[in-house]
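S.K.: What follows is work34.txt, made up of compact mmCIF, C-alpha atoms and all ligand atoms:
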```txt
# COMPACT_ATOMS: atom_id res chain seq x y z
CA MET A 1 81.44 148.63 173.89
CA THR A 2 80.54 151.91 175.50
CA THR A 3 82.46 154.95 174.44
CA PRO A 4 82.41 158.29 176.23
CA THR A 5 81.09 160.02 173.15
CA THR A 6 79.32 158.90 170.02
CA ASP A 7 80.18 162.11 168.20
CA THR A 8 82.43 160.88 165.38
CA SER A 9 83.99 164.33 164.93
CA VAL A 10 85.42 164.26 168.47
CA ARG A 11 89.01 163.09 168.64
CA ALA A 12 90.36 160.66 171.21
CA ILE A 13 93.07 163.12 172.23
CA GLU A 14 93.66 166.76 171.33
CA ALA A 15 96.77 168.38 172.71
CA GLN A 16 97.22 172.10 172.21
CA GLY A 17 100.50 173.85 172.97
CA LEU A 18 101.47 171.42 175.72
CA THR A 19 104.59 172.33 177.62
CA ARG A 20 105.88 170.43 180.65
CA ARG A 21 108.92 171.69 182.50
CA PHE A 22 110.83 169.98 185.28
CA LYS A 23 113.04 172.74 186.71
CA ASP A 24 115.56 173.31 183.89
CA THR A 25 114.32 170.47 181.68
CA ILE A 26 111.68 171.11 179.06
CA ALA A 27 110.24 167.61 178.65
CA LEU A 28 107.44 168.81 176.33
CA ASP A 29 107.93 171.89 174.25
CA ASP A 30 104.72 173.39 172.85
CA VAL A 31 103.29 170.08 171.61
CA THR A 32 100.19 170.27 169.45
CA LEU A 33 98.78 167.05 168.04
CA ASN A 34 95.67 164.92 167.68
CA PHE A 35 95.04 161.23 168.05
CA GLU A 36 91.99 160.10 166.08
CA LYS A 37 89.55 157.68 167.64
CA ASP A 38 89.72 153.94 167.00
CA LYS A 39 93.23 153.75 165.61
CA ILE A 40 96.52 152.30 166.79
CA HIS A 41 99.01 155.12 167.22
CA GLY A 42 102.74 154.76 167.77
CA LEU A 43 104.62 157.25 169.94
CA LEU A 44 108.28 156.85 169.11
CA GLY A 45 111.42 158.63 170.15
CA ARG A 46 114.82 158.27 171.74
CA ASN A 47 115.53 157.97 175.44
CA GLY A 48 114.45 161.10 177.25
CA ALA A 49 112.52 162.39 174.21
CA GLY A 50 109.37 163.07 176.23
CA LYS A 51 107.21 160.01 175.47
CA THR A 52 106.33 159.08 179.06
CA THR A 53 105.74 162.72 179.97
CA LEU A 54 103.36 163.16 177.04
CA MET A 55 101.51 159.95 177.88
CA SER A 56 101.26 160.95 181.54
CA VAL A 57 99.80 164.36 180.70
CA MET A 58 97.41 162.90 178.11
CA THR A 59 96.11 160.32 180.58
CA ALA A 60 95.73 162.95 183.34
CA GLN A 61 98.44 161.40 185.54
CA ASP A 62 100.40 164.63 185.31
CA TRP A 63 99.59 168.30 184.69
CA PRO A 64 101.11 170.36 181.90
CA THR A 65 102.99 173.52 182.81
CA SER A 66 101.00 175.23 180.05
CA GLY A 67 98.74 174.26 177.19
CA SER A 68 95.67 172.06 177.20
CA VAL A 69 94.66 168.49 176.59
CA ARG A 70 91.25 167.05 175.83
CA VAL A 71 90.33 163.38 175.86
CA PHE A 72 87.12 162.47 174.04
CA GLY A 73 86.35 166.19 173.95
CA GLN A 74 86.80 166.91 177.66
CA VAL A 75 89.58 167.95 180.02
CA PRO A 76 90.51 164.56 181.55
CA HIS A 77 92.06 165.78 184.81
CA GLU A 78 89.89 164.96 187.82
CA ASN A 79 87.08 164.18 185.37
CA GLU A 80 85.02 161.24 186.62
CA GLN A 81 83.31 160.84 183.26
CA ILE A 82 86.54 160.49 181.34
CA LEU A 83 89.04 158.80 183.69
CA PRO A 84 87.29 155.38 183.78
CA ASN A 85 87.73 155.27 179.99
CA ILE A 86 91.51 155.52 180.16
CA CYS A 87 93.85 152.62 180.86
CA PHE A 88 97.51 153.66 181.14
CA VAL A 89 99.93 150.74 181.31
CA ARG A 90 103.40 151.72 182.46
CA GLU A 91 106.40 149.89 183.77
CA GLU A 92 106.69 151.45 187.18
CA GLN A 93 103.12 150.71 188.17
CA ARG A 94 103.01 150.43 191.98
CA TYR A 95 101.11 147.63 193.69
CA PRO A 96 100.66 146.95 197.40
CA GLU A 97 103.52 144.98 198.99
CA ASP A 98 101.67 141.65 199.21
CA ALA A 99 99.51 141.96 196.05
CA LEU A 100 99.19 138.91 193.81
CA ALA A 101 98.37 139.18 190.11
CA LYS A 102 94.74 138.21 190.83
CA HIS A 103 94.41 141.27 193.08
CA ALA A 104 95.59 143.56 190.28
CA PHE A 105 93.20 141.89 187.84
CA ARG A 106 90.32 142.18 190.31
CA ALA A 107 90.98 145.92 190.74
CA ALA A 108 91.08 146.33 186.94
CA ARG A 109 87.84 144.38 186.57
CA GLU A 110 86.17 146.82 188.95
CA ALA A 111 87.72 149.88 187.30
CA PHE A 112 86.92 149.13 183.66
CA GLU A 113 83.40 148.46 182.57
CA ASN A 114 84.41 146.75 179.31
CA TRP A 115 86.69 144.27 181.16
CA ASP A 116 86.52 140.81 179.58
CA GLU A 117 87.20 138.20 182.26
CA GLY A 118 87.35 135.28 179.79
CA PHE A 119 89.93 137.12 177.70
CA ALA A 120 91.92 137.96 180.85
CA GLN A 121 91.98 134.29 181.92
CA GLN A 122 93.12 133.23 178.44
CA LEU A 123 95.94 135.80 178.55
CA ILE A 124 96.98 134.76 182.09
CA GLU A 125 97.50 131.21 180.79
CA GLU A 126 99.20 132.32 177.57
CA PHE A 127 101.61 134.69 179.31
CA ARG A 128 102.15 132.11 182.10
CA VAL A 129 101.59 134.63 184.87
CA PRO A 130 102.51 132.97 188.22
CA LYS A 131 99.55 132.72 190.55
CA LYS A 132 101.30 132.46 193.90
CA THR A 133 104.14 134.95 193.53
CA THR A 134 103.55 138.49 194.75
CA ILE A 135 103.85 141.08 191.95
CA LYS A 136 106.73 142.64 193.84
CA LYS A 137 108.73 139.40 193.59
CA MET A 138 107.90 138.72 189.94
CA SER A 139 110.54 138.95 187.23
CA ARG A 140 110.51 142.08 185.08
CA GLY A 141 108.87 140.21 182.19
CA GLN A 142 106.20 138.70 184.45
CA LYS A 143 105.38 142.17 185.81
CA SER A 144 105.15 143.50 182.26
CA ALA A 145 102.79 140.64 181.39
CA VAL A 146 100.46 141.68 184.25
CA GLY A 147 100.33 145.22 182.79
CA VAL A 148 99.84 144.02 179.24
CA ILE A 149 96.96 141.75 180.30
CA ILE A 150 95.27 144.63 182.13
CA GLY A 151 95.72 146.85 179.07
CA LEU A 152 94.25 144.28 176.70
CA ALA A 153 91.42 142.85 178.82
CA SER A 154 90.27 146.30 180.03
CA ARG A 155 89.20 147.19 176.46
CA ALA A 156 89.29 150.80 177.64
CA PRO A 157 88.22 153.25 174.90
CA LEU A 158 91.67 154.85 175.33
CA THR A 159 94.43 152.35 176.13
CA VAL A 160 97.97 153.66 176.44
CA PHE A 161 100.94 151.29 176.63
CA ASP A 162 104.23 152.87 177.68
CA GLU A 163 106.93 150.51 176.39
CA PRO A 164 104.92 147.41 177.17
CA TYR A 165 107.62 145.03 175.99
CA MET A 166 110.11 145.83 178.79
CA GLY A 167 111.43 142.50 180.01
CA LEU A 168 109.10 140.46 177.81
CA ASP A 169 110.87 137.73 175.83
CA ALA A 170 110.43 137.41 172.06
CA VAL A 171 107.61 134.85 172.38
CA ALA A 172 105.67 137.01 174.85
CA ARG A 173 106.18 140.15 172.72
CA GLN A 174 104.85 138.36 169.66
CA LEU A 175 101.90 137.14 171.71
CA PHE A 176 101.19 140.72 172.79
CA TYR A 177 101.27 142.02 169.19
CA ASP A 178 99.07 139.15 167.94
CA ARG A 179 96.47 139.49 170.70
CA LEU A 180 96.41 143.29 170.40
CA LEU A 181 95.76 143.18 166.65
CA GLN A 182 93.21 140.40 166.91
CA ASP A 183 91.29 141.97 169.79
CA TYR A 184 91.48 145.45 168.29
CA SER A 185 89.97 144.23 165.01
CA GLU A 186 87.02 142.76 166.95
CA HIS A 187 86.73 145.64 169.44
CA PRO A 188 88.10 148.81 167.85
CA ARG A 189 89.36 151.38 170.34
CA THR A 190 92.05 154.02 170.58
CA VAL A 191 95.44 152.56 171.40
CA VAL A 192 98.69 154.47 171.88
CA VAL A 193 101.91 152.45 172.12
CA SER A 194 105.33 153.89 172.85
CA SER A 195 108.33 151.83 171.87
CA HIS A 196 111.98 151.77 170.95
CA LEU A 197 111.50 148.58 168.94
CA ILE A 198 110.19 150.42 165.93
CA ASP A 199 110.43 147.73 163.28
CA GLU A 200 108.93 145.19 165.64
CA ILE A 201 105.76 147.24 166.17
CA SER A 202 105.58 149.05 162.84
CA HIS A 203 103.06 146.56 161.38
CA LEU A 204 100.64 147.47 164.19
CA LEU A 205 100.65 151.20 163.60
CA GLU A 206 98.21 153.29 161.59
CA HIS A 207 99.55 156.64 162.76
CA VAL A 208 103.08 157.49 163.81
CA VAL A 209 104.21 160.32 166.08
CA VAL A 210 107.91 160.85 166.61
CA ILE A 211 108.98 163.11 169.43
CA ASP A 212 112.50 164.39 169.94
CA GLN A 213 113.70 166.70 172.69
CA GLY A 214 110.12 167.46 173.62
CA LYS A 215 109.07 168.51 170.10
CA ILE A 216 106.96 166.65 167.58
CA MET A 217 109.03 165.74 164.52
CA VAL A 218 106.69 163.40 162.69
CA ASP A 219 102.90 163.25 162.90
CA GLU A 220 101.54 161.32 159.95
CA SER A 221 99.92 158.11 158.81
CA ALA A 222 102.17 155.04 158.70
CA GLU A 223 101.40 154.82 154.99
CA GLU A 224 102.55 158.39 154.25
CA LEU A 225 105.65 157.88 156.33
CA ALA A 226 106.58 154.67 154.48
CA GLU A 227 106.46 156.65 151.22
CA ARG A 228 109.03 159.15 152.44
CA ALA A 229 111.90 156.90 151.36
CA VAL A 230 112.65 153.81 149.31
CA THR A 231 115.47 151.27 149.00
CA VAL A 232 116.81 150.47 145.52
CA VAL A 233 118.72 147.21 145.11
CA GLY A 234 120.70 145.85 142.17
CA ARG A 235 123.87 146.39 140.15
CA ALA A 236 125.75 149.31 141.69
CA ASP A 237 126.11 151.26 138.40
CA SER A 238 122.38 150.85 137.64
CA VAL A 239 121.37 151.86 141.16
CA ALA A 240 123.54 154.98 140.80
CA GLN A 241 121.64 155.93 137.61
CA VAL A 242 118.32 155.81 139.44
CA VAL A 243 119.24 157.45 142.72
CA GLY A 244 121.21 160.24 141.03
CA ALA A 245 121.75 163.15 143.36
CA ARG A 246 119.03 162.23 145.84
CA GLU A 247 119.70 162.36 149.56
CA VAL A 248 121.00 158.94 150.64
CA LEU A 249 119.84 157.63 154.01
CA ASP A 250 121.75 154.40 153.94
CA ARG A 251 124.07 152.53 151.61
CA GLU A 252 125.39 148.97 151.59
CA ASP A 253 127.76 147.60 148.95
CA LEU A 254 128.16 143.87 148.44
CA GLY A 255 130.67 143.51 145.59
CA ARG A 256 128.91 144.78 142.47
CA ILE A 257 125.53 144.87 144.18
CA ALA A 258 124.38 148.02 145.97
CA ARG A 259 121.47 148.57 148.30
CA VAL A 260 120.76 152.28 148.61
CA THR A 261 117.97 153.97 150.58
CA VAL A 262 117.01 157.43 149.34
CA LEU A 263 114.61 160.07 150.59
CA GLY A 264 111.54 160.87 148.52
CA LYS A 265 109.16 159.02 146.24
CA LEU A 266 110.46 157.87 142.83
CA ASN A 267 108.79 159.60 139.90
CA ALA A 268 107.35 157.80 136.86
CA THR A 269 110.58 158.12 134.84
CA GLU A 270 112.65 156.74 137.68
CA ARG A 271 110.23 153.84 138.10
CA CYS A 272 110.54 153.01 134.37
CA LEU A 273 114.30 153.05 134.76
CA VAL A 274 114.03 150.67 137.71
CA ASN A 275 112.17 148.20 135.47
CA GLU A 276 114.50 148.63 132.48
CA LEU A 277 117.59 148.14 134.63
CA ASP A 278 116.06 145.15 136.43
CA LEU A 279 116.39 146.70 139.87
CA ASP A 280 114.30 145.93 142.94
CA LEU A 281 112.45 148.45 145.09
CA ILE A 282 112.01 147.62 148.76
CA PRO A 283 109.93 149.67 151.22
CA VAL A 284 112.10 151.48 153.71
CA SER A 285 112.24 150.27 157.28
CA LEU A 286 110.44 152.65 159.63
CA GLN A 287 113.31 152.40 162.07
CA GLN A 288 115.87 153.43 159.45
CA LEU A 289 113.76 156.40 158.43
CA ILE A 290 113.11 157.59 161.97
CA VAL A 291 116.73 157.18 163.04
CA HIS A 292 117.67 159.35 160.07
CA LEU A 293 115.04 162.00 160.78
CA THR A 294 116.01 162.13 164.45
CA ARG A 295 119.70 162.34 163.64
CA LYS A 296 119.01 165.22 161.29
CA ASN A 297 117.37 167.05 164.16
CA GLY A 298 120.73 168.18 165.47
CA GLN A 299 121.76 164.85 166.97
CA THR A 300 125.37 163.78 166.65
CA ASN A 301 124.84 160.16 167.59
CA THR A 302 125.38 157.93 164.55
CA ALA A 303 124.06 154.70 165.98
CA SER A 304 120.46 153.56 166.33
CA GLU A 305 120.77 152.21 169.84
CA GLY A 306 118.83 155.24 171.16
CA PHE A 307 115.78 153.51 169.83
N1 LIG B 401 109.79 163.79 187.36
C1 LIG B 401 110.77 164.32 186.64
N2 LIG B 401 111.63 165.20 187.18
C2 LIG B 401 112.63 165.76 186.46
N3 LIG B 401 112.83 165.51 185.13
C3 LIG B 401 112.00 164.65 184.53
C4 LIG B 401 110.93 164.01 185.24
N4 LIG B 401 110.27 163.20 184.37
C5 LIG B 401 110.90 163.33 183.19
N5 LIG B 401 111.93 164.19 183.27
C6 LIG B 401 112.84 164.60 182.19
O1 LIG B 401 112.04 164.91 181.07
C7 LIG B 401 112.63 164.42 179.87
C8 LIG B 401 111.67 163.50 179.17
O2 LIG B 401 111.53 162.31 179.95
P1 LIG B 401 110.53 161.15 179.54
O3 LIG B 401 110.54 160.14 180.63
O4 LIG B 401 109.24 161.73 179.15
O5 LIG B 401 111.25 160.54 178.24
P2 LIG B 401 110.97 159.20 177.42
O6 LIG B 401 110.89 159.59 175.99
O7 LIG B 401 109.81 158.48 177.99
O8 LIG B 401 112.32 158.39 177.68
P3 LIG B 401 112.64 156.81 177.75
O9 LIG B 401 112.44 156.27 176.39
O10 LIG B 401 114.07 156.80 178.15
O11 LIG B 401 111.73 156.21 178.78
C9 LIG B 401 113.94 163.76 180.28
O12 LIG B 401 114.98 164.69 180.10
C10 LIG B 401 113.72 163.45 181.74
O13 LIG B 401 114.94 163.46 182.43
```
What would you get if you wrote out this structure as structure tokens?
M.R.:
Amino acid sequence: MTTPTTDTSVRAIEAQGLTRRFKDTIALDDVTLNFEKDKIHGLLGRNGAGKTTLMSVMTAQDWPTSGSVRVFGQVPHENEQILPNICFVREEQRYPEDALAKHAFRAAREAFENWDEGFAQQLIEEFRVPKKTTIKKMSRGQKSAVGVIIGLASRAPLTVFDEPYMGLDAVARQLFYDRLLQDYSEHPRTVVVSSHLIDEISHLLEHVVVIDQGKIMVDESAEELAERAVTVVGRADSVAQVVGAREVLDREDLGRIARVTVLGKLNATERCLVNELDLDLIPVSLQQLIVHLTRKNGQTNTASEGF
């Protein structure tokens, strides 16, 4: 695969102090972050958090009000060297009135030099994309499938999926995750996926960015993030001994059994106690952790439906 730069020190995306205002709304508020090359990054956040705006600015579909963005070391806007390396898949992609899926695929084949026609044909069959229906008349899920296929088969060095699952049923979503992981392992590239379905995509992610009200709240490896909290399960009195005065994220009581999620890593003494008291430790769900972190950020909403 060709990449726009072979310099391993160059990042896929570098955003520095990005701000994007829409009249009174600050959609991005001084965002500074990096996306390393050849990783799968998750961009997570509640409705209106700024995900689409950030993706649009990073892929040069929109201009920041202030700040700068570099893609593979260069300013991507109006940059003919960089733009052909970026595939941005978004829900409200516009196609001509009478366009069929094959027209969209043909345009993508011409736009992306790494396009794999065999892979595209396989995906068209697997996602059951209708051949004779115009894209305009397709169901929401069928339209999403067209976008997902373009994103996967383009093999663009930077591929950005903005909530690719919209309208896709559970079978099609699983197919997307499976094909993305499989193809990515054979053809590493930089992938950014935004989603509300955190637990569903968490196994894909190597790096997690959480944005809330235009500000970056989390920017760390999925591994580090998973270590931020742990769930302790067992007899309620024993669980209480281990969790002590730690900050509790979540608690469920089932008779004498408690399941308590606490912030922070357990130390060696606490781990010994877990063994002695015959308790179980379960990794925390990414969704639970992020809902908690977002709620702490001045949100009053107590439910997780925002994700
Ligand atoms: N073109 C626009 N004009 C005015 N305001 C906008 C525009 N685009 C985005 N916004 C505002 O910027 C904020 C961030 O929107 P954005 O679409 O980036 O959020 P999001 O995280 O992608 O949300 P969702 O998950 O609901 O799609 C919102 O308050 C939104 O109303």
S.K.: Using all atoms listed in the file, determine which residues lie at most 10 Å from Ile282 (chain A), disregarding the query and same-chain residues fewer than 6 positions distant; provide the list as number ranges by chain.
M.R.: A: 229-233, 259-261
S.K.: So, with all atoms listed in the file as the atoms that count, which of A:Leu33, A:Val146, A:Ile40, A:Val57 lies closest to ligand LIG 401 (chain B)?
M.R.: A:Val57
S.K.: So which residues are near ligand LIG 401 (chain B), meaning at most 8 Å away with all atoms listed in the file counted, given back as a list in words?
M.R.: Arg21, Phe22, Lys23, Thr25, Ile26, Ala27, Leu28, Leu44, Gly45, Arg46, Asn47, Gly48, Ala49, Gly50, Lys51, Thr52, Thr53, Leu54, Asp162, Glu163, Ser195, His196, Ile211, Asp212, Gln213, Gly214 and Phe307 of chain A
S.K.: Hey, which of A:His207, A:Arg189, A:His292, A:Lys37 ends up closest to Glu14 (chain A)? Count all atoms listed in the file.
M.R.: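 The shortest atom-to-atom distance to Glu14 (chain A) comes from A:Lys37.
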S.K.: Which is closest to Val218 (chain A) among A:Ser56, A:Thr294, A:Ser154, A:Ser66, if we use only C-alpha atoms?
M.R.: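 Among the listed residues, A:Thr294 lies closest to Val218 (chain A).
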S.K.: Mind dumping a table of every region 70-92 of chain A residue within 10 Å of region 110-121 of chain A, with the nearest atom pair and its distance in Å to one decimal, using only C-alpha atoms, sorted by chain and rising number, as CSV?
M.R.:
```
residue,atom,partner,partner_atom,distance
A:Leu83,CA,A:Ala111,CA,9.7
A:Pro84,CA,A:Phe112,CA,6.3
A:Asn85,CA,A:Phe112,CA,7.2
A:Ile86,CA,A:Phe112,CA,8.6
A:Cys87,CA,A:Phe112,CA,8.2
```
S.K.: Using only C-alpha atoms, please write the residues we just selected to a file, as a compact mmCIF listing (two decimals), in the frame of the given file.
M.R.:
```
# COMPACT_ATOMS: atom_id res chain seq x y z
CA LEU A 83 89.04 158.80 183.69
CA PRO A 84 87.29 155.38 183.78
CA ASN A 85 87.73 155.27 179.99
CA ILE A 86 91.51 155.52 180.16
CA CYS A 87 93.85 152.62 180.86
```
